[in-house]
file protein20.cif (mmCIF, C-alpha atoms)
data_structure
#
loop_
_atom_site.label_atom_id
_atom_site.label_comp_id
_atom_site.auth_asym_id
_atom_site.auth_seq_id
_atom_site.Cartn_x
_atom_site.Cartn_y
_atom_site.Cartn_z
CA MET F 1 92.68 65.47 105.38
CA THR F 2 95.01 65.65 108.36
CA ASP F 3 97.91 68.07 107.98
CA LEU F 4 100.99 65.95 108.77
CA LEU F 5 103.18 68.95 109.58
CA SER F 6 100.70 70.10 112.22
CA LEU F 7 101.02 66.86 114.22
CA THR F 8 103.13 66.35 117.31
CA PRO F 9 105.02 63.02 117.50
CA GLU F 10 102.28 61.70 119.81
CA GLU F 11 99.53 62.76 117.41
CA LEU F 12 101.44 61.21 114.51
CA GLU F 13 101.68 57.97 116.49
CA ALA F 14 97.92 57.97 117.03
CA LEU F 15 97.26 58.60 113.33
CA LEU F 16 99.54 55.76 112.27
CA VAL F 17 97.98 53.34 114.75
CA SER F 18 94.51 54.32 113.47
CA VAL F 19 95.45 53.09 109.98
CA GLY F 20 97.02 49.87 111.27
CA GLU F 21 100.67 50.94 111.44
CA PRO F 22 103.01 50.47 114.43
CA LYS F 23 103.70 53.43 116.73
CA TYR F 24 107.45 53.40 115.98
CA ARG F 25 106.74 54.66 112.47
CA ALA F 26 106.21 58.12 114.00
CA ALA F 27 109.83 58.24 115.18
CA GLN F 28 110.89 57.35 111.62
CA MET F 29 108.70 59.97 109.96
CA PHE F 30 108.57 63.02 112.24
CA PRO F 31 112.23 64.13 111.81
CA GLN F 32 112.04 63.70 108.05
CA LEU F 33 108.77 65.61 107.71
CA HIS F 34 110.47 68.54 109.46
CA ARG F 35 113.46 68.35 107.13
CA GLY F 36 111.19 68.78 104.12
CA VAL F 37 111.00 65.10 103.13
CA SER F 38 107.54 63.99 102.02
CA PRO F 39 106.26 60.46 102.78
CA GLU F 40 106.69 59.61 99.08
CA GLN F 41 110.40 60.43 99.39
CA MET F 42 111.04 58.44 102.56
CA THR F 43 113.11 55.32 102.01
CA ASN F 44 112.52 53.84 105.46
CA ILE F 45 108.76 53.37 105.15
CA GLY F 46 107.09 51.00 102.71
CA LYS F 47 104.63 51.58 99.91
CA ALA F 48 101.83 50.04 101.96
CA THR F 49 102.32 52.64 104.72
CA ARG F 50 102.26 55.48 102.21
CA GLN F 51 99.07 54.14 100.63
CA LYS F 52 97.33 53.99 104.03
CA LEU F 53 98.25 57.61 104.69
CA ASP F 54 97.22 58.82 101.24
CA GLY F 55 93.55 58.70 102.06
CA VAL F 56 93.68 60.40 105.46
CA ALA F 57 96.65 62.78 105.56
CA ALA F 58 98.47 65.30 103.40
CA TYR F 59 101.96 66.80 103.39
CA ARG F 60 102.04 70.20 101.73
CA LEU F 61 104.92 72.62 102.01
CA PRO F 62 104.34 76.20 100.84
CA THR F 63 105.57 76.71 97.28
CA VAL F 64 107.52 79.72 96.09
CA ARG F 65 105.28 82.01 94.02
CA ARG F 66 107.79 84.87 93.93
CA ARG F 67 111.32 85.29 95.28
CA LEU F 68 113.13 88.62 95.56
CA VAL F 69 116.78 88.91 96.62
CA SER F 70 118.27 92.18 97.84
CA ALA F 71 121.39 93.28 96.01
CA LEU F 72 122.28 95.35 99.09
CA ASP F 73 122.39 92.78 101.87
CA GLY F 74 121.23 89.39 100.58
CA THR F 75 117.81 89.56 102.25
CA VAL F 76 115.39 87.15 100.55
CA LYS F 77 111.67 87.88 100.39
CA TYR F 78 109.23 85.10 99.54
CA LEU F 79 105.67 85.10 98.42
CA PHE F 80 104.56 81.59 99.39
CA ALA F 81 101.49 79.91 97.94
CA LEU F 82 99.59 77.69 100.36
CA GLY F 83 97.65 74.55 99.53
CA ASP F 84 94.38 76.44 98.99
CA GLY F 85 95.96 79.06 96.69
CA ASN F 86 96.18 81.82 99.30
CA CYS F 87 99.53 83.58 99.61
CA VAL F 88 101.63 84.80 102.55
CA GLU F 89 105.03 86.43 102.83
CA SER F 90 108.22 85.45 104.63
CA VAL F 91 111.58 87.20 104.76
CA VAL F 92 114.99 85.64 105.42
CA MET F 93 117.58 88.05 106.82
CA LYS F 94 121.26 87.32 107.22
CA TYR F 95 123.07 88.38 110.39
CA LYS F 96 126.46 87.58 111.86
CA TYR F 97 124.82 85.29 114.42
CA GLY F 98 122.83 83.33 111.84
CA ASN F 99 119.82 83.45 109.54
CA THR F 100 116.52 84.86 110.80
CA ILE F 101 113.17 84.25 109.14
CA CYS F 102 110.20 86.54 109.63
CA ILE F 103 107.06 84.47 109.09
CA SER F 104 103.34 85.15 108.68
CA SER F 105 100.72 83.78 111.08
CA GLN F 106 97.54 84.56 109.12
CA VAL F 107 96.38 85.19 105.58
CA GLY F 108 95.64 88.88 105.92
CA CYS F 109 94.94 90.55 109.25
CA ARG F 110 91.90 92.03 110.98
CA MET F 111 93.71 94.33 113.40
CA GLY F 112 93.47 97.35 111.09
CA CYS F 113 96.73 99.13 112.01
CA ARG F 114 96.71 102.12 109.66
CA PHE F 115 100.42 102.05 108.77
CA CYS F 116 100.50 98.35 107.84
CA ALA F 117 100.02 96.90 104.36
CA SER F 118 99.21 93.44 105.76
CA THR F 119 95.82 94.50 107.08
CA ILE F 120 94.53 96.00 103.81
CA GLY F 121 91.67 93.75 102.72
CA GLY F 122 91.22 92.26 106.20
CA LYS F 123 91.75 88.74 107.46
CA VAL F 124 91.08 85.73 105.23
CA ARG F 125 91.97 82.90 107.62
CA ASP F 126 94.39 81.62 110.24
CA LEU F 127 97.42 79.57 109.29
CA THR F 128 97.72 76.05 110.66
CA PRO F 129 100.73 75.04 112.79
CA GLY F 130 102.00 73.10 109.77
CA GLU F 131 101.75 76.14 107.51
CA LEU F 132 103.78 78.13 110.04
CA VAL F 133 106.46 75.43 110.26
CA GLY F 134 106.29 75.00 106.51
CA GLN F 135 107.51 78.55 105.89
CA VAL F 136 110.67 77.82 107.88
CA ILE F 137 111.26 74.49 106.13
CA ALA F 138 110.59 75.84 102.63
CA ALA F 139 112.82 78.90 103.08
CA GLY F 140 115.63 76.79 104.50
CA ALA F 141 115.38 74.38 101.59
CA ASP F 142 115.39 77.21 99.05
CA THR F 143 118.35 79.09 100.54
CA GLY F 144 120.26 75.91 101.37
CA GLU F 145 121.12 77.42 104.75
CA ARG F 146 120.01 76.67 108.28
CA ILE F 147 117.42 79.00 109.76
CA SER F 148 118.47 79.60 113.37
CA HIS F 149 116.11 82.40 114.48
CA ILE F 150 112.41 83.08 113.95
CA VAL F 151 110.39 86.27 114.20
CA LEU F 152 106.58 86.11 114.16
CA MET F 153 106.13 89.56 112.68
CA GLY F 154 104.90 88.94 109.16
CA ILE F 155 101.33 89.07 107.90
CA GLY F 156 98.77 88.59 110.67
CA GLU F 157 98.51 88.97 114.44
CA PRO F 158 100.03 85.90 116.15
CA LEU F 159 97.91 86.19 119.30
CA ASP F 160 94.75 86.33 117.17
CA ASN F 161 95.75 82.80 116.10
CA TYR F 162 96.81 81.81 119.60
CA ASP F 163 96.28 78.03 119.69
CA ASN F 164 97.91 77.36 116.32
CA VAL F 165 100.85 79.65 117.11
CA VAL F 166 101.49 77.99 120.49
CA LYS F 167 101.42 74.56 118.84
CA PHE F 168 103.82 75.87 116.19
CA LEU F 169 106.21 77.01 118.94
CA ARG F 170 106.18 73.52 120.44
CA LEU F 171 106.71 71.89 117.04
CA VAL F 172 109.52 74.14 115.79
CA THR F 173 111.47 73.74 119.04
CA HIS F 174 111.03 69.96 119.23
CA PRO F 175 114.44 68.24 119.48
CA ASP F 176 113.47 65.71 116.80
CA GLY F 177 112.29 68.46 114.45
CA LEU F 178 113.93 71.76 113.54
CA ASN F 179 115.13 72.09 117.15
CA ILE F 180 115.23 75.89 117.14
CA SER F 181 115.72 77.32 120.62
CA TYR F 182 112.81 79.15 122.25
CA ARG F 183 115.32 81.89 123.07
CA HIS F 184 115.86 82.40 119.33
CA ILE F 185 112.17 83.11 118.70
CA SER F 186 110.45 86.51 118.92
CA LEU F 187 106.69 87.01 118.83
CA SER F 188 105.31 90.43 117.99
CA THR F 189 101.81 91.50 118.99
CA CYS F 190 99.85 94.70 118.47
CA GLY F 191 98.53 94.35 122.01
CA VAL F 192 96.05 91.48 122.37
CA VAL F 193 96.01 91.53 126.17
CA PRO F 194 94.27 88.18 126.84
CA GLY F 195 96.81 86.45 124.59
CA ILE F 196 99.73 88.11 126.41
CA LEU F 197 98.38 86.90 129.76
CA ARG F 198 97.78 83.36 128.45
CA LEU F 199 101.28 83.29 127.02
CA ALA F 200 102.70 84.40 130.36
CA GLU F 201 101.19 81.33 132.03
CA LEU F 202 103.03 79.03 129.61
CA ASN F 203 106.37 80.59 130.61
CA MET F 204 107.99 79.86 127.26
CA PRO F 205 111.39 81.60 127.10
CA ILE F 206 110.63 83.44 123.87
CA THR F 207 111.08 87.18 123.36
CA LEU F 208 107.82 89.12 123.38
CA SER F 209 107.68 92.29 121.28
CA ILE F 210 104.92 94.84 121.72
CA SER F 211 103.96 97.07 118.79
CA LEU F 212 103.30 100.21 120.82
CA HIS F 213 103.73 103.17 118.42
CA ALA F 214 102.17 105.75 120.77
CA ALA F 215 102.12 106.44 124.49
CA ASN F 216 98.59 107.79 124.87
CA ASP F 217 95.20 106.33 124.00
CA GLN F 218 94.13 109.13 121.68
CA THR F 219 97.11 108.81 119.31
CA ARG F 220 97.38 105.05 119.58
CA SER F 221 93.68 104.46 118.91
CA SER F 222 93.87 106.67 115.82
CA ILE F 223 96.47 104.40 114.22
CA MET F 224 95.79 101.07 116.00
CA PRO F 225 92.12 100.13 116.45
CA VAL F 226 93.09 97.35 118.90
CA ASN F 227 93.79 100.11 121.44
CA ARG F 228 90.06 100.88 121.63
CA ARG F 229 89.62 97.42 123.18
CA TRP F 230 92.76 97.31 125.32
CA GLY F 231 94.20 100.73 126.06
CA VAL F 232 97.77 101.69 126.91
CA ASP F 233 97.35 101.29 130.67
CA GLU F 234 95.83 97.81 130.36
CA LEU F 235 98.44 96.76 127.81
CA LEU F 236 101.38 97.87 129.94
CA SER F 237 99.82 96.23 133.00
CA ALA F 238 99.76 92.95 131.05
CA CYS F 239 103.40 93.51 130.08
CA LYS F 240 104.30 93.95 133.75
CA THR F 241 102.51 90.70 134.60
CA TYR F 242 104.29 88.93 131.74
CA TYR F 243 107.69 90.05 132.99
CA GLU F 244 106.92 89.14 136.60
CA LYS F 245 105.83 85.62 135.60
CA THR F 246 108.54 84.87 133.04
CA GLY F 247 111.49 87.12 133.86
CA ARG F 248 111.83 87.72 130.14
CA ARG F 249 112.55 91.22 128.87
CA ILE F 250 109.94 92.70 126.54
CA SER F 251 110.94 94.70 123.48
CA PHE F 252 108.75 97.64 122.47
CA GLU F 253 108.43 98.54 118.81
CA TYR F 254 107.72 102.15 117.92
CA THR F 255 107.08 103.07 114.30
CA LEU F 256 107.97 106.70 113.70
CA ILE F 257 105.49 108.53 111.47
CA ASP F 258 106.27 112.03 110.28
CA GLY F 259 104.10 114.58 112.09
CA LYS F 260 102.14 111.92 113.97
CA ASN F 261 104.25 110.48 116.78
CA ASP F 262 107.85 111.57 116.17
CA SER F 263 108.12 114.80 118.18
CA PRO F 264 110.41 115.35 121.19
CA GLU F 265 107.25 115.72 123.30
CA ALA F 266 106.10 112.26 122.14
CA ALA F 267 109.49 110.82 123.10
CA ARG F 268 109.32 112.34 126.57
CA GLU F 269 105.78 111.08 127.03
CA LEU F 270 106.81 107.57 125.92
CA ALA F 271 109.66 107.51 128.42
CA ARG F 272 107.43 108.76 131.23
CA VAL F 273 104.68 106.22 130.54
CA LEU F 274 107.06 103.25 130.25
CA ASN F 275 108.98 104.22 133.38
CA SER F 276 105.85 104.80 135.45
CA HIS F 277 104.22 101.49 134.49
CA LEU F 278 107.21 99.17 134.35
CA ARG F 279 109.65 100.52 136.91
CA THR F 280 107.90 100.39 140.26
CA ARG F 281 108.78 99.36 143.79
CA SER F 282 107.80 95.76 143.03
CA THR F 283 109.24 95.53 139.50
CA THR F 284 112.22 97.08 137.79
CA MET F 285 111.88 95.85 134.26
CA PRO F 286 114.62 96.45 131.70
CA ILE F 287 113.08 98.46 128.88
CA HIS F 288 114.21 98.50 125.27
CA VAL F 289 112.54 100.41 122.44
CA ASN F 290 113.11 99.55 118.79
CA LEU F 291 112.55 102.65 116.68
CA ILE F 292 111.32 101.90 113.16
CA PRO F 293 110.87 104.66 110.57
CA VAL F 294 107.51 103.85 108.97
CA ASN F 295 107.51 101.84 105.77
CA GLU F 296 105.76 104.07 103.23
CA VAL F 297 102.72 102.37 101.69
CA LYS F 298 100.69 104.33 99.15
CA GLU F 299 97.34 103.34 100.70
CA THR F 300 98.23 104.81 104.13
CA GLY F 301 99.57 108.22 103.19
CA PHE F 302 102.03 108.08 106.08
CA ARG F 303 105.58 109.40 105.56
CA ARG F 304 108.83 108.31 107.14
CA ALA F 305 110.14 110.48 109.94
CA SER F 306 113.31 112.35 108.99
CA ASP F 307 116.70 110.98 110.04
CA ASP F 308 117.14 113.99 112.30
CA SER F 309 113.86 113.45 114.13
CA VAL F 310 114.59 109.73 114.51
CA ALA F 311 117.99 110.49 116.04
CA ALA F 312 116.50 113.16 118.32
CA PHE F 313 113.75 110.76 119.43
CA ALA F 314 116.33 108.11 120.33
CA ARG F 315 118.46 110.64 122.26
CA THR F 316 115.44 111.82 124.25
CA LEU F 317 114.58 108.26 125.26
CA GLU F 318 118.18 107.55 126.29
CA ASP F 319 118.29 110.80 128.30
CA ASN F 320 115.23 109.57 130.18
CA GLY F 321 116.62 106.14 131.03
CA ILE F 322 115.12 104.15 128.14
CA ARG F 323 117.48 102.12 125.95
CA ALA F 324 116.67 102.79 122.30
CA THR F 325 117.98 101.50 118.99
CA VAL F 326 117.02 102.37 115.44
CA ARG F 327 116.23 99.20 113.54
CA ARG F 328 118.50 98.63 110.58
CA ARG F 329 116.39 98.38 107.46
CA LEU F 330 117.21 95.24 105.51
CA GLY F 331 116.06 94.51 101.97
CA SER F 332 115.10 98.11 101.28
CA ASP F 333 115.51 97.59 97.54
CA ILE F 334 112.94 94.77 97.52
CA ASN F 335 110.33 96.28 99.90
CA ALA F 336 111.08 93.57 102.45
CA SER F 337 108.39 94.72 104.88
CA CYS F 338 105.48 92.29 104.74
CA GLY F 339 102.17 92.86 102.99
CA GLN F 340 103.12 94.63 99.78
CA LEU F 341 104.08 91.59 97.72
CA ARG F 342 100.83 89.83 98.58
CA ARG F 343 98.86 92.97 97.69
CA ALA F 344 100.61 93.23 94.34
CA GLU F 345 99.82 89.58 93.60
CA ALA F 346 96.16 90.09 94.53
CA ASP F 347 95.91 93.18 92.37
CA GLY F 348 97.34 91.27 89.42
#
call {"tool": "encode", "arguments": {"input": "protein20.cif", "output": "structure tokens"}}
result
Amino acid sequence: MTDLLSLTPEELEALLVSVGEPKYRAAQMFPQLHRGVSPEQMTNIGKATRQKLDGVAAYRLPTVRRRLVSALDGTVKYLFALGDGNCVESVVMKYKYGNTICISSQVGCRMGCRFCASTIGGKVRDLTPGELVGQVIAAGADTGERISHIVLMGIGEPLDNYDNVVKFLRLVTHPDGLNISYRHISLSTCGVVPGILRLAELNMPITLSISLHAANDQTRSSIMPVNRRWGVDELLSACKTYYEKTGRRISFEYTLIDGKNDSPEAARELARVLNSHLRTRSTTMPIHVNLIPVNEVKETGFRRASDDSVAAFARTLEDNGIRATVRRRLGSDINASCGQLRRAEADG
């Protein structure tokens, strides 16, 4: 069965023609599909059209399995059930500039980052473009508010699902669909270098975020297995190429783990490595580091860095010419970081 939400307008046209319908039906249906209206609910297509589609295509939005709302800041965390019964998580966060949704790109994850709950149990499968779009549509329908910004930082590694994620980006920004600006979309990767280089060639004006978390191969490999395939030097070289091709600033995420990577020496090393790789004679790239005290997950044994060490780390980066901010933790009373709700559901 063809996934209707995964189709571009041109692909929808071809599907409709294949079942004997005129091409213009696609222009009638595509905007409604992306507003959460199923073919059965559409008043501008006839019963005969719906019957033709019934045998070849399906329209399935994720359904809400669990919904948690933060009493502190209104953050909403969803456990969405997909058509095959698998579950993923999404989080809607409210900011002054609008509503941001953090969505998942895979069911589970095979990257194995030791501090992350999403990777426990490994990867089950990739999400389709329609399942990615569906999270945005379903959350918007549930909250009754427009989603204006998207972060691909939920369960899964987006660049490990490259083709589906790129198609999702084209769908979600389509002017006849949700029409969300590329500049309002951030994609976070743990460092899949070939994907970064392929993305650079597309020159989409999204924000790329790199989950760095350590400045040397020994420490980074101990917490992020992906680094054994593409080390720090190769990763930062790809970041330099990405910036040179797109002109888009890259944000670096650095999760602070007590006793692991939160020392003043680690901060100085991080500044030195970023400056030496990304500020050269040929390129002077603006550098921004998001500091994130680790989310404590019982399976990892990692502890949050103290407030004092987080502040000292940020000061050291700033003193060495690196702009640093400490990410505000939203939804702390509902464990809004992805992975834990799905694990709890799986464990019964």
call {"tool": "atom_distance", "arguments": {"input": "protein20.cif", "atom1": "atom CA of F:Ser90", "atom2": "atom CA of F:Asn295"}}
result
16.4 Å
call {"tool": "residues_around", "arguments": {"input": "protein20.cif", "residues": "stretch 32-36 of chain F", "least_positions_apart": "6", "cutoff": "12 Å", "atoms": "all atoms listed in the file", "output": "PyMOL selection string"}}
result
chain F and resi 3-9+12+25-26+42-45+58-63+130-142+144+146-147+168+171-180
call {"tool": "resolve_selection", "arguments": {"input": "protein20.cif", "expression": "the PyMOL selection byres ((chain F and resi 214-225) around 8)", "output": "list of chain:residue names"}}
result
F:Met111, F:Gly112, F:Cys113, F:Arg114, F:Phe115, F:Cys190, F:Leu212, F:His213, F:Val226, F:Asn227, F:Arg228, F:Arg229, F:Gly231, F:Val232, F:Tyr254, F:Lys260, F:Asn261, F:Ala266, F:Glu269, F:Leu270, F:Val273
call {"tool": "residues_near_point", "arguments": {"input": "protein20.cif", "point": "(114.3, 98.1, 124.4)", "cutoff": "9 Å", "atoms": "only C-alpha atoms", "output": "list of chain:residue names"}}
result
F:Arg249, F:Ile250, F:Ser251, F:Phe252, F:Glu253, F:Pro286, F:Ile287, F:His288, F:Val289, F:Asn290, F:Ile322, F:Arg323, F:Ala324, F:Thr325
call {"tool": "write_last_selection", "arguments": {"input": "protein20.cif", "atoms": "C-alpha atoms", "output": "PDB file, in the frame of the given file"}}
result
ATOM      1  CA  ARG F 249     112.550  91.220 128.870  1.00  0.00           C
ATOM      2  CA  ILE F 250     109.940  92.700 126.540  1.00  0.00           C
ATOM      3  CA  SER F 251     110.940  94.700 123.480  1.00  0.00           C
ATOM      4  CA  PHE F 252     108.750  97.640 122.470  1.00  0.00           C
ATOM      5  CA  GLU F 253     108.430  98.540 118.810  1.00  0.00           C
ATOM      6  CA  PRO F 286     114.620  96.450 131.700  1.00  0.00           C
ATOM      7  CA  ILE F 287     113.080  98.460 128.880  1.00  0.00           C
ATOM      8  CA  HIS F 288     114.210  98.500 125.270  1.00  0.00           C
ATOM      9  CA  VAL F 289     112.540 100.410 122.440  1.00  0.00           C
ATOM     10  CA  ASN F 290     113.110  99.550 118.790  1.00  0.00           C
ATOM     11  CA  ILE F 322     115.120 104.150 128.140  1.00  0.00           C
ATOM     12  CA  ARG F 323     117.480 102.120 125.950  1.00  0.00           C
ATOM     13  CA  ALA F 324     116.670 102.790 122.300  1.00  0.00           C
ATOM     14  CA  THR F 325     117.980 101.500 118.990  1.00  0.00           C
TER      15      THR F 325
END
call {"tool": "closest_residue", "arguments": {"input": "protein20.cif", "among": "F:Val88, F:Ser263, F:Pro293, F:Ala312", "to": "F:Arg327", "atoms": "all atoms listed in the file"}}
result
F:Pro293
call {"tool": "residues_around", "arguments": {"input": "protein20.cif", "residues": "F:Ser309", "least_positions_apart": "5", "cutoff": "12 Å", "atoms": "only C-alpha atoms", "output": "NGL selection string"}}
result
:F and (256-267 or 291-293 or 304 or 314-316 or 326)
call {"tool": "resolve_selection", "arguments": {"input": "protein20.cif", "expression": "the PyMOL selection byres ((chain F and resi 189) around 6)", "output": "list in words"}}
result
Ser188, Cys190, Gly191, Ile210 and Ser211 of chain F
call {"tool": "resolve_selection", "arguments": {"input": "protein20.cif", "expression": "the PyMOL selection byres ((chain F and resi 85) around 12)", "output": "list in words"}}
result
Arg60, Pro62, Thr63, Val64, Arg65, Leu79, Phe80, Ala81, Leu82, Gly83, Asp84, Asn86, Cys87, Val88, Val107, Val124, Arg342, Glu345 and Ala346 of chain F
call {"tool": "residues_around", "arguments": {"input": "protein20.cif", "residues": "F:Arg248", "least_positions_apart": "3", "cutoff": "10 Å", "atoms": "only C-alpha atoms", "output": "JSON, numbers by chain"}}
result
{"F": [183, 200, 203, 204, 205, 206, 207, 208, 242, 243, 244, 245, 251, 285, 286]}
call {"tool": "residues_around", "arguments": {"input": "protein20.cif", "residues": "F:Lys123", "least_positions_apart": "3", "cutoff": "7 Å", "atoms": "all atoms listed in the file", "output": "PDB file with C-alpha atoms, in the frame of the given file"}}
result
ATOM      1  CA  VAL F 107      96.380  85.190 105.580  1.00  0.00           C
ATOM      2  CA  GLY F 108      95.640  88.880 105.920  1.00  0.00           C
ATOM      3  CA  CYS F 109      94.940  90.550 109.250  1.00  0.00           C
ATOM      4  CA  ARG F 110      91.900  92.030 110.980  1.00  0.00           C
TER       5      ARG F 110
END
call {"tool": "atom_distance", "arguments": {"input": "protein20.cif", "atom1": "atom CA of F:Asp126", "atom2": "atom CA of F:Ser105"}}
result
6.7 Å
call {"tool": "atom_distance", "arguments": {"input": "protein20.cif", "atom1": "atom CA of F:His277", "atom2": "atom CA of F:Pro194"}}
result
18.3 Å
call {"tool": "closest_residue", "arguments": {"input": "protein20.cif", "among": "F:Leu202, F:Leu72, F:Val193, F:Met93", "to": "F:Trp230", "atoms": "only C-alpha atoms"}}
result
F:Val193
call {"tool": "residues_around", "arguments": {"input": "protein20.cif", "residues": "F:Lys77", "least_positions_apart": "5", "cutoff": "7 Å", "atoms": "only C-alpha atoms", "output": "list in words"}}
result
Arg67, Leu68, Val69, Ser90, Val91, Val92 and Ala336 of chain F
call {"tool": "write_last_selection", "arguments": {"input": "protein20.cif", "atoms": "C-alpha atoms", "output": "PDB file, in the frame of the given file"}}
result
ATOM      1  CA  ARG F  67     111.320  85.290  95.280  1.00  0.00           C
ATOM      2  CA  LEU F  68     113.130  88.620  95.560  1.00  0.00           C
ATOM      3  CA  VAL F  69     116.780  88.910  96.620  1.00  0.00           C
ATOM      4  CA  SER F  90     108.220  85.450 104.630  1.00  0.00           C
ATOM      5  CA  VAL F  91     111.580  87.200 104.760  1.00  0.00           C
ATOM      6  CA  VAL F  92     114.990  85.640 105.420  1.00  0.00           C
ATOM      7  CA  ALA F 336     111.080  93.570 102.450  1.00  0.00           C
TER       8      ALA F 336
END
call {"tool": "residues_near_point", "arguments": {"input": "protein20.cif", "point": "(114.8, 81.7, 115.5)", "cutoff": "6 Å", "atoms": "only C-alpha atoms", "output": "mmCIF file with C-alpha atoms, keeping the file's coordinate frame"}}
result
data_model
loop_
_atom_site.group_PDB
_atom_site.id
_atom_site.type_symbol
_atom_site.label_atom_id
_atom_site.label_comp_id
_atom_site.auth_asym_id
_atom_site.auth_seq_id
_atom_site.Cartn_x
_atom_site.Cartn_y
_atom_site.Cartn_z
ATOM 1 C CA THR F 100 116.520 84.860 110.800
ATOM 2 C CA SER F 148 118.470 79.600 113.370
ATOM 3 C CA HIS F 149 116.110 82.400 114.480
ATOM 4 C CA ILE F 150 112.410 83.080 113.950
ATOM 5 C CA HIS F 184 115.860 82.400 119.330
ATOM 6 C CA ILE F 185 112.170 83.110 118.700
#
call {"tool": "closest_residue", "arguments": {"input": "protein20.cif", "among": "F:Ala14, F:Lys52, F:Leu330, F:Val19", "to": "F:Tyr95", "atoms": "all atoms listed in the file"}}
result
F:Leu330
call {"tool": "build_atoms", "arguments": {"input": "protein20.cif", "residues": "stretch 235-250 of chain F", "atoms": "N, CA and C atoms", "output": "PDB file, keeping the file's coordinate frame"}}
result
ATOM      1  N   LEU F 235      97.385  97.465 128.530  1.00  0.00           N
ATOM      2  CA  LEU F 235      98.440  96.760 127.810  1.00  0.00           C
ATOM      3  C   LEU F 235      99.729  96.707 128.627  1.00  0.00           C
ATOM      4  N   LEU F 236     100.134  97.842 129.175  1.00  0.00           N
ATOM      5  CA  LEU F 236     101.380  97.870 129.940  1.00  0.00           C
ATOM      6  C   LEU F 236     101.254  97.113 131.263  1.00  0.00           C
ATOM      7  N   SER F 237     100.056  97.064 131.817  1.00  0.00           N
ATOM      8  CA  SER F 237      99.820  96.230 133.000  1.00  0.00           C
ATOM      9  C   SER F 237     100.029  94.757 132.663  1.00  0.00           C
ATOM     10  N   ALA F 238      99.548  94.338 131.488  1.00  0.00           N
ATOM     11  CA  ALA F 238      99.760  92.950 131.050  1.00  0.00           C
ATOM     12  C   ALA F 238     101.244  92.675 130.812  1.00  0.00           C
ATOM     13  N   CYS F 239     101.955  93.672 130.286  1.00  0.00           N
ATOM     14  CA  CYS F 239     103.400  93.510 130.080  1.00  0.00           C
ATOM     15  C   CYS F 239     104.122  93.320 131.413  1.00  0.00           C
ATOM     16  N   LYS F 240     103.717  94.069 132.411  1.00  0.00           N
ATOM     17  CA  LYS F 240     104.300  93.950 133.750  1.00  0.00           C
ATOM     18  C   LYS F 240     104.061  92.548 134.310  1.00  0.00           C
ATOM     19  N   THR F 241     102.836  92.061 134.151  1.00  0.00           N
ATOM     20  CA  THR F 241     102.510  90.700 134.600  1.00  0.00           C
ATOM     21  C   THR F 241     103.353  89.670 133.862  1.00  0.00           C
ATOM     22  N   TYR F 242     103.491  89.862 132.554  1.00  0.00           N
ATOM     23  CA  TYR F 242     104.290  88.930 131.740  1.00  0.00           C
ATOM     24  C   TYR F 242     105.724  88.868 132.251  1.00  0.00           C
ATOM     25  N   TYR F 243     106.306  90.016 132.511  1.00  0.00           N
ATOM     26  CA  TYR F 243     107.690  90.050 132.990  1.00  0.00           C
ATOM     27  C   TYR F 243     107.809  89.424 134.376  1.00  0.00           C
ATOM     28  N   GLU F 244     106.862  89.691 135.246  1.00  0.00           N
ATOM     29  CA  GLU F 244     106.920  89.140 136.600  1.00  0.00           C
ATOM     30  C   GLU F 244     106.803  87.619 136.595  1.00  0.00           C
ATOM     31  N   LYS F 245     106.022  87.067 135.669  1.00  0.00           N
ATOM     32  CA  LYS F 245     105.830  85.620 135.600  1.00  0.00           C
ATOM     33  C   LYS F 245     106.962  84.906 134.878  1.00  0.00           C
ATOM     34  N   THR F 246     107.555  85.554 133.887  1.00  0.00           N
ATOM     35  CA  THR F 246     108.540  84.870 133.040  1.00  0.00           C
ATOM     36  C   THR F 246     109.976  85.338 133.265  1.00  0.00           C
ATOM     37  N   GLY F 247     110.150  86.563 133.740  1.00  0.00           N
ATOM     38  CA  GLY F 247     111.490  87.120 133.860  1.00  0.00           C
ATOM     39  C   GLY F 247     112.119  87.490 132.534  1.00  0.00           C
ATOM     40  N   ARG F 248     111.322  87.455 131.485  1.00  0.00           N
ATOM     41  CA  ARG F 248     111.830  87.720 130.140  1.00  0.00           C
ATOM     42  C   ARG F 248     111.594  89.187 129.774  1.00  0.00           C
ATOM     43  N   ARG F 249     112.655  89.827 129.297  1.00  0.00           N
ATOM     44  CA  ARG F 249     112.550  91.220 128.870  1.00  0.00           C
ATOM     45  C   ARG F 249     111.617  91.345 127.678  1.00  0.00           C
ATOM     46  N   ILE F 250     110.844  92.408 127.656  1.00  0.00           N
ATOM     47  CA  ILE F 250     109.940  92.700 126.540  1.00  0.00           C
ATOM     48  C   ILE F 250     110.544  93.822 125.706  1.00  0.00           C
TER      49      ILE F 250
END
